[in-house]
Each structure stands twice: as structure tokens, then as C-alpha cells.
Amino acid sequence: MTEIQKVAGTAFVVAEFRNDENQEAHPLYRDPFVPLFLDLESKKAADRISRSFPPVRNNVRLRTRYFDDQLRLQIERGRRQILILGAGLDTRPQRFPDRDVAYFEIDAPTTQAFKKARLEENNIDPNTTYIGADYVTDGMLDLLKRNGFDFGLPTHVIWEGNTMYLDDAAVCHILSDLMGRIASCSTSFDYFADKVIRNETGDPEITDVVGRFAAMGAPWTYGIDNLAELAARCGAKVLDCVTIADLHRTFWPGQPLASPLYDYYSLCTVHNAASYCCRRRTAGIVAKAPSATSITNALVRRRSMPQGIQFTGDYEVTALQALIPGGWYIGFACKRCRQHFAILSDPTETGALELSGAATFSVTCPNCETRSQYSARELVQFQAAQGGPSSTA
Ligand SMILES: C[S@@+](CC[C@H](N)C(=O)[O-])C[C@H]1O[C@@H](n2cnc3c(N)ncnc32)[C@H](O)[C@@H]1O
């Protein structure tokens with residue numbers, strides 16, 4: 001690879017950070033393909049970025065797990081096309097192959113040619129339709145149409161590590177096109193709070209890392225302060241939203257948060273709610289949880305469908321921290337303070353799911369911090385009245 005520069009070059013830095021997890025004994029994910037793309041040049045570029053600010057590496061590890069979980073969940077719900085915008089060296093078509101699911105990737109032709117060649121040299125099926133183009137300026141919808149994308153199929157879009165390089169007009173244009181033209185579409189993306197972009201966090205390390213990306217020719221130019229407002233403007237509804245700090249507490253409990261950046265970096269999934277799709281329409285939903293699992297694991301393992309969710313096993317769960325006003329949630333009434341708090345967003349957004357099973361849930365109320373055990377019979381569905389971790393039913 002030649003010198004790592006500009007936004008296209010960030011794909012190599014991200015791939016280096018993503019590869020860190022392969023060294024862990026109990027990894028959040030495995031990516032056996034990503035080492036194919038790495039060399040001394042990419043290592044040097046990644047080290048340059050992270051030397052003074054190691055937390056940036058964990059951002060990628062945690063966010064990879066989030067995007068993986070959402071992808072699994074959406075495929076389980078019946079999504080048949082996966083579109084990866086600004087795919088870089090994403091290997092999900094290799095890591096999540098499914099004969100019923102077609103992958104499409106858009107990125108710079110040079111990045112795609114390099115990636116395809118490295119995969120094929122190693123006898124690995126690219127398993128994707130590569131579209132070498134700029135999805136903002138080259139007309140994303142026409143590009144998709146010309147490349148056999150089916151706008152009628154339930155689709156999930158992965159838009160990872162991209163919004164920070166765009167601006168409000170481009171983000172809204174792309175999101176509106178996705179939501180308006182694809183009959184049933186969910187989209188996961190990550191974003192910084194606007195104060196990171198404006199260098200207003202007051203944290204010198206964050207300011208430094210912002211400067212390092214700018215020096216690479218890939219400045220962060222866009223942040224989001226009000227996700228619900230952006231989503232509404234683009235014809236989307238927010239299904240899920242967490243910060244890196246939330247994921248850090250879930251997956252690495254007890255480990256101190258190394259940087260305030262984790263609170264300023266969010267991951268979300270929005271959808272156009274046009275139709276809710278489900279692969280298994282007749283079977284019940286069985287959530288198999290090992291003895292102590294996190295809420296994100298629970299999200300992955302549950303099998304959701306419009307009619308109901310059946311939980312089995314014992315769950316260690318984390319209450320959702322930020323509820324979207326008006327959104328429907330599944331949770332409990334705290335045994336001490338009686339406030340309702342959520343553990344899952346209701347995928348149907350109706351509050352009319354059938355909840356059943358013989359599961360137990362251990363969870364700490366975010367309002368009074370009382371830790372209690374609940375049975376599946378105690379699950380409640382409620383609509384959030386206001387933002388915050390708990391709400392009245
Ligand atoms: C930070 S990397 C992230 C890559 C990948 N999504 C991941 O998380 O591993 C950003 C990628 O988005 C691509 N990208 C950014 N804006 C783009 C655009 N308008 N059209 C096509 N690709 C774009 C860049 O070329 C680069 O590969």
C-alpha cells in the first residue's frame with residue numbers, strides 16, 4: 001500500500017484497530033480476514049494516530065461489535081440486502097455470509113480493487129457487488145439501480161465510520177434517499193457529538209486526535225447533537241442508540257472509561273418503519289441466554305417478530321440509558337422506586353408484543369440504583385414520556 005492519506009486511507013487505520021481484537025483471549029468478535037489488508041505502512045499510520053490517544057483504538061473495537069450485532073439482528077428479522085456505504089476494508093460479507101442475503105459495497109474503486117485482489121489471492125469469495133464510486137456526488141440511487149439492487153427487498157445499511165467526514169446536507173440527503181426509496185430499510189451509523197468537531201470538549205487529548213485526523217487529510221467535519229430531529233427530517237425513526245461509553249460498561253464492566261470521548265461518540269440504528277419484516281413468521285421467539293449475558297448479547301440472541309418474544313435463560317442486563325420520547329420500550333417497574341426503566345426497544349414500536357418465557361433478569365434500576373431480579377412475567381411495555389433512563393408507563 002502507498003502512503004496512508006485522506007479519507008480513503010482511514011480505512012487502513014480502522015482495519016488496524018479492528019485487528020487488535022483478534023489478539024484477545026475473549027474477543028468481542030473475530031475478524032480472520034482483516035490481517036490480509038495490513039502491512040507496515042498501515043501499522044505505522046495507526047500507531048501515529050493512537051500513540052498519544054490509545055482510546056481511539058477501543059472506539060473501533062466496540063463499534064465493530066455494535067455493527068456486527070445489529071447486522072445479525074437485522075438479518076434475523078428478514079433483511080435480504082445489505083448495503084455497506086464507505087465500506088473500506090469491512091469484511092462482513094465474509095464474516096456473515098448467508099445464501100439468502102446479497103451484499104453491496106460502495107467505496108473508492110482503488111480501495112475496492114485492492115480488497116478484492118487480496119481476498120481472491122487467498123481464495124476467499126468477495127461475496128459482494130462492488131460499486132466503485134462516491135455515494136454522495138455520483139448519485140447513490142442510480143448507482144444502486146444500475147448494479148442490480150432491489151429497492152423492494154428489506155434492506156439493512158451499514159454506514160460505519162463515515163458521517164464524521166460529511167456535512168449535514170450530505171448526511172440528510174443520503175439518509176432521506178435510503179428511507180424514501182427502499183421499501184423497508186434499517187440503517188446503522190456512528191457519529192460524534194458536534195462539540196468534538198468544534199473542538200469544544202475542553203479535553204486536550206480529544207483536540208489532539210481531531211488534529212491528527214485533519215493532518216492525515218481526513219478532517220472530522222460533522223457531528224450530531226439531536227439524532228431524533230435529524231431522523232425525523234429524513235423520514236426515519238430511531239430504533240436504537242447507545243454511546244461507546246454504554247458499550248464499554250456493558251462489555252468491559254469494571255474497567256475505567258479512559259476518555260470522555262466515549263460519551264461523545266454514539267452508534268444508532270434508524271429505520272423507515274415502512275414494514276416490519278421477519279424471517280420466521282410462524283415460530284415462537286426463543287432467546288437463549290447463557291448464564292450471564294449482557295443486554296447486547298440478549299439483543300442478538302433474541303428472535304424478534306411482530307407477535308411476541310419468548311425469553312429463556314438468565315440474563316445480566318443493562319438498562320437503556322437514553323430513551324427517545326414517544327418510543328416504545330420493554331423493561332420493568334423498579335421494585336424499590338417503581339419507576340419504569342427499559343432494557344430493550346420494542347422493535348414493532350407498538351407496545352403490543354406478547355412477552356413470555358421462564359427467564360430471569362438481573363438489572364440495576366438507573367433511577368435509584370437498586371439491583372433486583374425480575375422474572376419474564378414482570379416485563380412491561382411502555383412509551384417513554386421524556387428522555388432519560390427511566391420513565392413512567
Ligand atoms: C473510516 S473509513 C471506514 C471504513 C469502514 N466502514 C470501516 O468502518 O471499517 C471511511 C471509508 O469511507 C469511504 N468513504 C467516505 N466517504 C465516501 C463517499 N462519499 N463515497 C464513497 N466512499 C466514501 C472512504 O473511502 C473510507 O474507505
# chains A, B, ... in the order shown; residues from 1 in each chain; ligands from 1
call {"tool": "residues_around", "arguments": {"residues": "A:Arg63", "least_positions_apart": "4", "cutoff": "10 Å", "atoms": "only C-alpha atoms", "output": "number ranges by chain"}}
result
A: 18, 58-59, 67-69, 160-161, 189-190, 243-244, 247-248, 265-267
call {"tool": "residues_around", "arguments": {"residues": "A:Asn19", "least_positions_apart": "4", "cutoff": "10 Å", "atoms": "only C-alpha atoms", "output": "list in words"}}
result
Val13, Val14, Ala15, Gln23, Glu24, Tyr29, Arg30, Asp31, Pro32, Phe33, Val34, Pro35, Leu38, Arg57, Val60 and Arg61 of chain A
call {"tool": "residues_near_ligand", "arguments": {"ligand": "ligand 1", "cutoff": "10 Å", "atoms": "only C-alpha atoms and all ligand atoms", "output": "MDAnalysis selection string"}}
result
chainID A and resid 6:18 34 60 63:64 67 84:92 105:112 131:138 140 158:166 170:171 174 189:190 218
call {"tool": "write_last_selection", "arguments": {"atoms": "C-alpha atoms", "output": "CSV table (one decimal), in the first residue's frame"}}
result
chain,number,residue,atom,x,y,z
A,6,LYS,CA,-7.0,11.2,3.1
A,7,VAL,CA,-10.4,9.7,3.9
A,8,ALA,CA,-9.7,6.5,1.8
A,9,GLY,CA,-6.6,6.0,3.9
A,10,THR,CA,-8.6,5.9,7.1
A,11,ALA,CA,-10.0,2.5,6.1
A,12,PHE,CA,-6.5,1.1,6.7
A,13,VAL,CA,-6.2,2.7,10.2
A,14,VAL,CA,-9.6,1.4,11.1
A,15,ALA,CA,-8.6,-2.1,9.9
A,16,GLU,CA,-5.5,-2.0,12.1
A,17,PHE,CA,-7.6,-1.0,15.1
A,18,ARG,CA,-10.2,-3.7,14.3
A,34,VAL,CA,-8.7,-8.2,8.1
A,60,VAL,CA,-13.3,0.8,16.7
A,63,ARG,CA,-18.3,-0.1,17.4
A,64,THR,CA,-17.4,-3.1,15.3
A,67,PHE,CA,-22.5,-3.0,13.9
A,84,ILE,CA,-22.3,-1.0,3.1
A,85,LEU,CA,-21.6,2.6,2.4
A,86,GLY,CA,-18.0,3.7,2.6
A,87,ALA,CA,-17.2,0.0,3.2
A,88,GLY,CA,-13.4,0.4,3.3
A,89,LEU,CA,-12.0,-2.9,4.5
A,90,ASP,CA,-15.2,-4.1,6.1
A,91,THR,CA,-15.2,-7.9,5.9
A,92,ARG,CA,-18.8,-8.6,6.9
A,105,GLU,CA,-20.5,-2.1,-1.1
A,106,ILE,CA,-19.7,1.4,-2.3
A,107,ASP,CA,-16.3,2.9,-1.8
A,108,ALA,CA,-13.4,4.3,-3.9
A,109,PRO,CA,-12.5,2.0,-6.8
A,110,THR,CA,-8.9,1.8,-5.7
A,111,THR,CA,-9.8,0.5,-2.2
A,112,GLN,CA,-12.2,-2.0,-3.7
A,131,ILE,CA,-19.7,-0.3,-6.7
A,132,GLY,CA,-16.6,1.9,-7.1
A,133,ALA,CA,-17.9,5.4,-6.7
A,134,ASP,CA,-18.6,8.4,-4.5
A,135,TYR,CA,-22.0,7.7,-3.0
A,136,VAL,CA,-22.6,11.4,-2.2
A,137,THR,CA,-21.7,13.0,-5.5
A,138,ASP,CA,-22.2,10.2,-8.0
A,140,MET,CA,-26.3,6.7,-4.9
A,158,ILE,CA,-24.1,-0.3,7.4
A,159,TRP,CA,-22.7,3.2,7.4
A,160,GLU,CA,-19.8,2.9,9.7
A,161,GLY,CA,-17.0,5.5,10.2
A,162,ASN,CA,-18.4,7.9,7.6
A,163,THR,CA,-20.8,10.6,8.8
A,164,MET,CA,-17.9,12.5,10.5
A,165,TYR,CA,-16.3,13.1,7.1
A,166,LEU,CA,-19.5,14.6,5.6
A,170,ALA,CA,-24.9,15.1,2.6
A,171,VAL,CA,-25.9,13.0,5.6
A,174,ILE,CA,-28.2,10.0,1.9
A,189,PHE,CA,-24.4,4.6,11.7
A,190,ASP,CA,-22.0,6.2,14.1
A,218,ALA,CA,-9.2,13.3,6.7
call {"tool": "residues_around", "arguments": {"residues": "A:Pro260", "least_positions_apart": "5", "cutoff": "9 Å", "atoms": "only C-alpha atoms", "output": "PyMOL selection string"}}
result
chain A and resi 201+203+206+245
call {"tool": "select_by_dssp", "arguments": {"residues": "stretch 103-317 of chain A", "states": "strand (DSSP E)", "output": "MDAnalysis selection string"}}
result
chainID A and resid 103:107 129:132 155:159 185:192 237:243 265:271 286:289 308:316
call {"tool": "write_last_selection", "arguments": {"atoms": "N, CA and C atoms", "output": "CSV table (one decimal), in the first residue's frame"}}
result
chain,number,residue,atom,x,y,z
A,103,TYR,N,-25.0,-8.8,-0.7
A,103,TYR,CA,-24.2,-7.6,-0.2
A,103,TYR,C,-23.9,-6.7,-1.3
A,104,PHE,N,-23.9,-5.4,-1.0
A,104,PHE,CA,-23.4,-4.3,-2.0
A,104,PHE,C,-22.5,-3.4,-1.2
A,105,GLU,N,-21.4,-3.0,-1.8
A,105,GLU,CA,-20.5,-2.1,-1.1
A,105,GLU,C,-20.2,-0.9,-2.0
A,106,ILE,N,-20.2,0.2,-1.5
A,106,ILE,CA,-19.7,1.4,-2.3
A,106,ILE,C,-18.5,2.0,-1.6
A,107,ASP,N,-17.5,2.2,-2.3
A,107,ASP,CA,-16.3,2.9,-1.8
A,107,ASP,C,-15.4,3.3,-3.1
A,129,THR,N,-21.3,-7.2,-4.3
A,129,THR,CA,-21.3,-6.4,-5.6
A,129,THR,C,-20.5,-5.1,-5.3
A,130,TYR,N,-19.4,-4.9,-5.8
A,130,TYR,CA,-18.6,-3.7,-5.6
A,130,TYR,C,-19.0,-2.6,-6.5
A,131,ILE,N,-19.3,-1.5,-5.9
A,131,ILE,CA,-19.7,-0.3,-6.7
A,131,ILE,C,-18.6,0.8,-6.4
A,132,GLY,N,-17.7,1.0,-7.3
A,132,GLY,CA,-16.6,1.9,-7.1
A,132,GLY,C,-17.0,3.3,-7.5
A,155,THR,N,-34.0,-4.2,3.5
A,155,THR,CA,-32.5,-3.9,3.4
A,155,THR,C,-32.0,-3.3,4.7
A,156,HIS,N,-30.8,-3.7,5.0
A,156,HIS,CA,-30.1,-3.1,6.1
A,156,HIS,C,-28.8,-2.4,5.6
A,157,VAL,N,-28.6,-1.2,6.0
A,157,VAL,CA,-27.5,-0.4,5.6
A,157,VAL,C,-26.5,-0.2,6.7
A,158,ILE,N,-25.2,-0.5,6.4
A,158,ILE,CA,-24.1,-0.3,7.4
A,158,ILE,C,-23.4,1.0,6.9
A,159,TRP,N,-23.3,2.0,7.8
A,159,TRP,CA,-22.7,3.2,7.4
A,159,TRP,C,-21.8,3.6,8.5
A,185,CYS,N,-36.3,-0.3,5.2
A,185,CYS,CA,-34.8,-0.1,5.3
A,185,CYS,C,-34.4,0.3,6.8
A,186,SER,N,-33.5,-0.4,7.3
A,186,SER,CA,-32.8,0.0,8.6
A,186,SER,C,-31.4,0.4,8.2
A,187,THR,N,-30.9,1.3,9.0
A,187,THR,CA,-29.6,1.8,8.8
A,187,THR,C,-28.8,2.1,10.1
A,188,SER,N,-27.7,1.5,10.2
A,188,SER,CA,-26.8,1.7,11.4
A,188,SER,C,-25.7,2.7,11.1
A,189,PHE,N,-25.5,3.7,11.9
A,189,PHE,CA,-24.4,4.6,11.7
A,189,PHE,C,-23.8,5.1,13.0
A,190,ASP,N,-22.6,5.6,12.9
A,190,ASP,CA,-22.0,6.2,14.1
A,190,ASP,C,-21.7,7.7,13.9
A,191,TYR,N,-21.7,8.4,15.0
A,191,TYR,CA,-21.5,9.8,14.9
A,191,TYR,C,-20.9,10.4,16.1
A,192,PHE,N,-20.2,11.6,15.9
A,192,PHE,CA,-19.7,12.3,17.1
A,192,PHE,C,-20.7,13.4,17.5
A,237,LYS,N,-37.1,6.8,11.8
A,237,LYS,CA,-37.3,6.7,13.3
A,237,LYS,C,-36.2,6.0,13.9
A,238,VAL,N,-35.9,6.4,15.1
A,238,VAL,CA,-34.7,5.9,15.8
A,238,VAL,C,-35.1,4.6,16.5
A,239,LEU,N,-34.5,3.5,16.2
A,239,LEU,CA,-34.7,2.2,16.8
A,239,LEU,C,-33.9,2.0,18.0
A,240,ASP,N,-32.7,2.5,18.0
A,240,ASP,CA,-31.7,2.1,19.0
A,240,ASP,C,-30.6,3.2,19.0
A,241,CYS,N,-30.1,3.5,20.1
A,241,CYS,CA,-29.0,4.5,20.2
A,241,CYS,C,-28.2,4.3,21.5
A,242,VAL,N,-26.9,4.1,21.3
A,242,VAL,CA,-26.0,3.9,22.5
A,242,VAL,C,-24.7,4.7,22.3
A,243,THR,N,-24.1,5.0,23.4
A,243,THR,CA,-22.8,5.6,23.3
A,243,THR,C,-21.7,4.5,23.4
A,265,TYR,N,-19.3,9.8,21.5
A,265,TYR,CA,-19.4,9.0,20.3
A,265,TYR,C,-20.5,8.1,20.4
A,266,SER,N,-21.5,8.2,19.5
A,266,SER,CA,-22.7,7.3,19.5
A,266,SER,C,-22.8,6.4,18.3
A,267,LEU,N,-23.6,5.4,18.5
A,267,LEU,CA,-24.0,4.5,17.4
A,267,LEU,C,-25.5,4.3,17.5
A,268,CYS,N,-26.0,4.3,16.3
A,268,CYS,CA,-27.5,4.2,16.3
A,268,CYS,C,-28.0,3.3,15.1
A,269,THR,N,-29.2,3.0,15.2
A,269,THR,CA,-29.9,2.3,14.1
A,269,THR,C,-31.3,3.0,13.9
A,270,VAL,N,-31.5,3.4,12.7
A,270,VAL,CA,-32.8,4.0,12.4
A,270,VAL,C,-33.5,3.2,11.3
A,271,HIS,N,-34.7,3.4,11.2
A,271,HIS,CA,-35.4,2.7,10.1
A,271,HIS,C,-36.6,3.5,9.6
A,286,VAL,N,-37.3,-17.6,20.6
A,286,VAL,CA,-36.6,-18.1,21.8
A,286,VAL,C,-35.3,-17.4,22.0
A,287,ALA,N,-35.2,-16.8,23.1
A,287,ALA,CA,-33.9,-16.1,23.4
A,287,ALA,C,-33.1,-17.0,24.3
A,288,LYS,N,-32.0,-17.6,23.8
A,288,LYS,CA,-31.2,-18.5,24.5
A,288,LYS,C,-30.1,-17.6,25.1
A,289,ALA,N,-30.1,-17.5,26.4
A,289,ALA,CA,-29.0,-16.7,27.1
A,289,ALA,C,-28.2,-17.6,27.9
A,308,GLY,N,-44.4,-11.6,19.1
A,308,GLY,CA,-44.0,-11.8,20.5
A,308,GLY,C,-42.6,-12.2,20.7
A,309,ILE,N,-42.1,-12.1,21.9
A,309,ILE,CA,-40.7,-12.5,22.2
A,309,ILE,C,-40.8,-13.5,23.4
A,310,GLN,N,-40.2,-14.7,23.2
A,310,GLN,CA,-40.1,-15.6,24.4
A,310,GLN,C,-38.7,-15.6,24.9
A,311,PHE,N,-38.5,-15.3,26.1
A,311,PHE,CA,-37.2,-15.3,26.7
A,311,PHE,C,-36.9,-16.6,27.5
A,312,THR,N,-35.8,-17.2,27.3
A,312,THR,CA,-35.4,-18.3,28.2
A,312,THR,C,-34.0,-18.0,28.7
A,313,GLY,N,-33.7,-18.5,29.9
A,313,GLY,CA,-32.3,-18.4,30.4
A,313,GLY,C,-32.2,-17.2,31.4
A,314,ASP,N,-31.0,-17.0,31.9
A,314,ASP,CA,-30.8,-15.9,32.8
A,314,ASP,C,-30.0,-14.8,32.2
A,315,TYR,N,-30.5,-13.6,32.3
A,315,TYR,CA,-29.8,-12.5,31.7
A,315,TYR,C,-29.2,-11.5,32.7
A,316,GLU,N,-28.0,-11.1,32.5
A,316,GLU,CA,-27.5,-10.0,33.2
A,316,GLU,C,-27.7,-8.8,32.2
call {"tool": "select_by_dssp", "arguments": {"residues": "stretch 212-255 of chain A", "states": "helix (DSSP H, G or I)", "output": "VMD selection string"}}
result
chain A and resid 212 to 215 227 to 233 244 to 251
call {"tool": "write_last_selection", "arguments": {"atoms": "N, CA and C atoms", "output": "mmCIF file, in the first residue's frame"}}
result
data_model
loop_
_atom_site.group_PDB
_atom_site.id
_atom_site.type_symbol
_atom_site.label_atom_id
_atom_site.label_comp_id
_atom_site.auth_asym_id
_atom_site.auth_seq_id
_atom_site.Cartn_x
_atom_site.Cartn_y
_atom_site.Cartn_z
ATOM 1 N N ARG A 212 -4.989 15.088 14.562
ATOM 2 C CA ARG A 212 -4.238 14.038 13.855
ATOM 3 C C ARG A 212 -4.995 13.556 12.613
ATOM 4 N N PHE A 213 -6.319 13.439 12.726
ATOM 5 C CA PHE A 213 -7.088 13.036 11.538
ATOM 6 C C PHE A 213 -7.029 14.146 10.478
ATOM 7 N N ALA A 214 -7.091 15.405 10.936
ATOM 8 C CA ALA A 214 -7.011 16.522 9.972
ATOM 9 C C ALA A 214 -5.652 16.496 9.266
ATOM 10 N N ALA A 215 -4.590 16.197 10.042
ATOM 11 C CA ALA A 215 -3.241 16.178 9.457
ATOM 12 C C ALA A 215 -3.093 15.060 8.431
ATOM 13 N N LEU A 227 -30.234 13.502 17.427
ATOM 14 C CA LEU A 227 -30.456 12.408 16.473
ATOM 15 C C LEU A 227 -31.922 12.308 16.059
ATOM 16 N N ALA A 228 -32.818 12.437 17.050
ATOM 17 C CA ALA A 228 -34.250 12.282 16.740
ATOM 18 C C ALA A 228 -34.690 13.337 15.725
ATOM 19 N N GLU A 229 -34.159 14.541 15.871
ATOM 20 C CA GLU A 229 -34.522 15.633 14.949
ATOM 21 C C GLU A 229 -34.006 15.325 13.538
ATOM 22 N N LEU A 230 -32.739 14.870 13.458
ATOM 23 C CA LEU A 230 -32.162 14.526 12.141
ATOM 24 C C LEU A 230 -32.982 13.412 11.498
ATOM 25 N N ALA A 231 -33.278 12.375 12.302
ATOM 26 C CA ALA A 231 -34.020 11.225 11.777
ATOM 27 C C ALA A 231 -35.376 11.680 11.243
ATOM 28 N N ALA A 232 -36.070 12.506 12.037
ATOM 29 C CA ALA A 232 -37.404 12.959 11.617
ATOM 30 C C ALA A 232 -37.312 13.736 10.300
ATOM 31 N N ARG A 233 -36.272 14.564 10.179
ATOM 32 C CA ARG A 233 -36.076 15.355 8.947
ATOM 33 C C ARG A 233 -35.875 14.465 7.732
ATOM 34 N N ILE A 244 -20.489 4.878 22.987
ATOM 35 C CA ILE A 244 -19.374 3.955 23.198
ATOM 36 C C ILE A 244 -19.215 3.715 24.701
ATOM 37 N N ALA A 245 -19.481 4.748 25.506
ATOM 38 C CA ALA A 245 -19.386 4.578 26.966
ATOM 39 C C ALA A 245 -20.359 3.491 27.443
ATOM 40 N N ASP A 246 -21.578 3.469 26.886
ATOM 41 C CA ASP A 246 -22.555 2.422 27.262
ATOM 42 C C ASP A 246 -21.985 1.040 26.932
ATOM 43 N N LEU A 247 -21.429 0.921 25.724
ATOM 44 C CA LEU A 247 -20.897 -0.387 25.302
ATOM 45 C C LEU A 247 -19.697 -0.780 26.169
ATOM 46 N N HIS A 248 -18.890 0.195 26.507
ATOM 47 C CA HIS A 248 -17.711 -0.045 27.348
ATOM 48 C C HIS A 248 -18.161 -0.631 28.682
ATOM 49 N N ARG A 249 -19.189 -0.024 29.282
ATOM 50 C CA ARG A 249 -19.677 -0.514 30.587
ATOM 51 C C ARG A 249 -20.286 -1.909 30.440
ATOM 52 N N THR A 250 -20.933 -2.157 29.302
ATOM 53 C CA THR A 250 -21.574 -3.464 29.099
ATOM 54 C C THR A 250 -20.532 -4.567 28.909
ATOM 55 N N PHE A 251 -19.556 -4.308 28.032
ATOM 56 C CA PHE A 251 -18.632 -5.388 27.652
ATOM 57 C C PHE A 251 -17.402 -5.471 28.531
#
call {"tool": "residues_around", "arguments": {"residues": "stretch 343-347 of chain A", "least_positions_apart": "2", "cutoff": "6 Å", "atoms": "only C-alpha atoms", "output": "PyMOL selection string"}}
result
chain A and resi 319-320+328-331+349
call {"tool": "atom_distance", "arguments": {"atom1": "atom CA of A:Leu73", "atom2": "atom CA of A:Glu21"}}
result
21.4 Å
call {"tool": "residues_around", "arguments": {"residues": "A:Phe332", "least_positions_apart": "4", "cutoff": "8 Å", "atoms": "only C-alpha atoms", "output": "list in words"}}
result
His340, Phe341, Ala342, Ile343, Tyr374, Glu378, Leu379 and Val380 of chain A
call {"tool": "atom_distance", "arguments": {"atom1": "atom CA of A:Cys234", "atom2": "atom CA of A:Cys172"}}
result
5.9 Å
call {"tool": "decode", "arguments": {"residues": "stretch 135-201 of chain A", "atoms": "C-alpha atoms", "output": "PDB file, in the first residue's frame"}}
result
ATOM      1  CA  TYR A 135     -22.005   7.718  -2.977  1.00  0.00           C
ATOM      2  CA  VAL A 136     -22.582  11.425  -2.220  1.00  0.00           C
ATOM      3  CA  THR A 137     -21.658  13.023  -5.528  1.00  0.00           C
ATOM      4  CA  ASP A 138     -22.204  10.186  -8.032  1.00  0.00           C
ATOM      5  CA  GLY A 139     -25.917   9.612  -7.329  1.00  0.00           C
ATOM      6  CA  MET A 140     -26.296   6.710  -4.900  1.00  0.00           C
ATOM      7  CA  LEU A 141     -29.747   5.631  -6.053  1.00  0.00           C
ATOM      8  CA  ASP A 142     -28.779   5.444  -9.734  1.00  0.00           C
ATOM      9  CA  LEU A 143     -25.584   3.584  -8.861  1.00  0.00           C
ATOM     10  CA  LEU A 144     -27.596   1.020  -6.922  1.00  0.00           C
ATOM     11  CA  LYS A 145     -30.181   0.665  -9.672  1.00  0.00           C
ATOM     12  CA  ARG A 146     -27.502   0.082 -12.297  1.00  0.00           C
ATOM     13  CA  ASN A 147     -25.890  -2.596 -10.131  1.00  0.00           C
ATOM     14  CA  GLY A 148     -28.929  -4.811  -9.573  1.00  0.00           C
ATOM     15  CA  PHE A 149     -30.012  -3.518  -6.169  1.00  0.00           C
ATOM     16  CA  ASP A 150     -33.685  -4.355  -5.493  1.00  0.00           C
ATOM     17  CA  PHE A 151     -35.479  -1.421  -3.831  1.00  0.00           C
ATOM     18  CA  GLY A 152     -38.366  -3.706  -2.878  1.00  0.00           C
ATOM     19  CA  LEU A 153     -36.296  -6.041  -0.706  1.00  0.00           C
ATOM     20  CA  PRO A 154     -35.963  -5.477   3.062  1.00  0.00           C
ATOM     21  CA  THR A 155     -32.526  -3.907   3.391  1.00  0.00           C
ATOM     22  CA  HIS A 156     -30.081  -3.089   6.146  1.00  0.00           C
ATOM     23  CA  VAL A 157     -27.462  -0.378   5.571  1.00  0.00           C
ATOM     24  CA  ILE A 158     -24.118  -0.262   7.376  1.00  0.00           C
ATOM     25  CA  TRP A 159     -22.723   3.243   7.373  1.00  0.00           C
ATOM     26  CA  GLU A 160     -19.767   2.937   9.678  1.00  0.00           C
ATOM     27  CA  GLY A 161     -17.023   5.491  10.217  1.00  0.00           C
ATOM     28  CA  ASN A 162     -18.423   7.854   7.580  1.00  0.00           C
ATOM     29  CA  THR A 163     -20.762  10.597   8.844  1.00  0.00           C
ATOM     30  CA  MET A 164     -17.905  12.497  10.528  1.00  0.00           C
ATOM     31  CA  TYR A 165     -16.311  13.130   7.110  1.00  0.00           C
ATOM     32  CA  LEU A 166     -19.504  14.571   5.587  1.00  0.00           C
ATOM     33  CA  ASP A 167     -21.785  17.524   6.321  1.00  0.00           C
ATOM     34  CA  ASP A 168     -25.415  17.933   7.311  1.00  0.00           C
ATOM     35  CA  ALA A 169     -26.671  18.292   3.736  1.00  0.00           C
ATOM     36  CA  ALA A 170     -24.886  15.111   2.578  1.00  0.00           C
ATOM     37  CA  VAL A 171     -25.917  13.035   5.615  1.00  0.00           C
ATOM     38  CA  CYS A 172     -29.543  14.134   5.333  1.00  0.00           C
ATOM     39  CA  HIS A 173     -29.578  13.615   1.560  1.00  0.00           C
ATOM     40  CA  ILE A 174     -28.241  10.047   1.855  1.00  0.00           C
ATOM     41  CA  LEU A 175     -30.485   9.110   4.764  1.00  0.00           C
ATOM     42  CA  SER A 176     -33.564  10.587   3.053  1.00  0.00           C
ATOM     43  CA  ASP A 177     -32.779   8.678  -0.149  1.00  0.00           C
ATOM     44  CA  LEU A 178     -32.402   5.414   1.767  1.00  0.00           C
ATOM     45  CA  MET A 179     -35.558   5.908   3.809  1.00  0.00           C
ATOM     46  CA  GLY A 180     -37.617   7.282   0.929  1.00  0.00           C
ATOM     47  CA  ARG A 181     -36.671   4.834  -1.812  1.00  0.00           C
ATOM     48  CA  ILE A 182     -36.115   1.462  -0.149  1.00  0.00           C
ATOM     49  CA  ALA A 183     -39.420  -0.072   0.818  1.00  0.00           C
ATOM     50  CA  SER A 184     -38.194  -1.370   4.174  1.00  0.00           C
ATOM     51  CA  CYS A 185     -34.837  -0.105   5.339  1.00  0.00           C
ATOM     52  CA  SER A 186     -32.844  -0.004   8.552  1.00  0.00           C
ATOM     53  CA  THR A 187     -29.552   1.850   8.777  1.00  0.00           C
ATOM     54  CA  SER A 188     -26.841   1.719  11.429  1.00  0.00           C
ATOM     55  CA  PHE A 189     -24.366   4.577  11.677  1.00  0.00           C
ATOM     56  CA  ASP A 190     -21.984   6.182  14.130  1.00  0.00           C
ATOM     57  CA  TYR A 191     -21.462   9.846  14.853  1.00  0.00           C
ATOM     58  CA  PHE A 192     -19.674  12.315  17.077  1.00  0.00           C
ATOM     59  CA  ALA A 193     -21.299  14.972  19.184  1.00  0.00           C
ATOM     60  CA  ASP A 194     -20.972  18.338  17.496  1.00  0.00           C
ATOM     61  CA  LYS A 195     -18.687  19.686  20.255  1.00  0.00           C
ATOM     62  CA  VAL A 196     -15.990  17.168  19.219  1.00  0.00           C
ATOM     63  CA  ILE A 197     -15.997  18.625  15.718  1.00  0.00           C
ATOM     64  CA  ARG A 198     -15.989  22.182  17.069  1.00  0.00           C
ATOM     65  CA  ASN A 199     -13.125  21.339  19.472  1.00  0.00           C
ATOM     66  CA  GLU A 200     -15.303  22.390  22.399  1.00  0.00           C
ATOM     67  CA  THR A 201     -14.936  19.360  24.676  1.00  0.00           C
TER      68      THR A 201
END
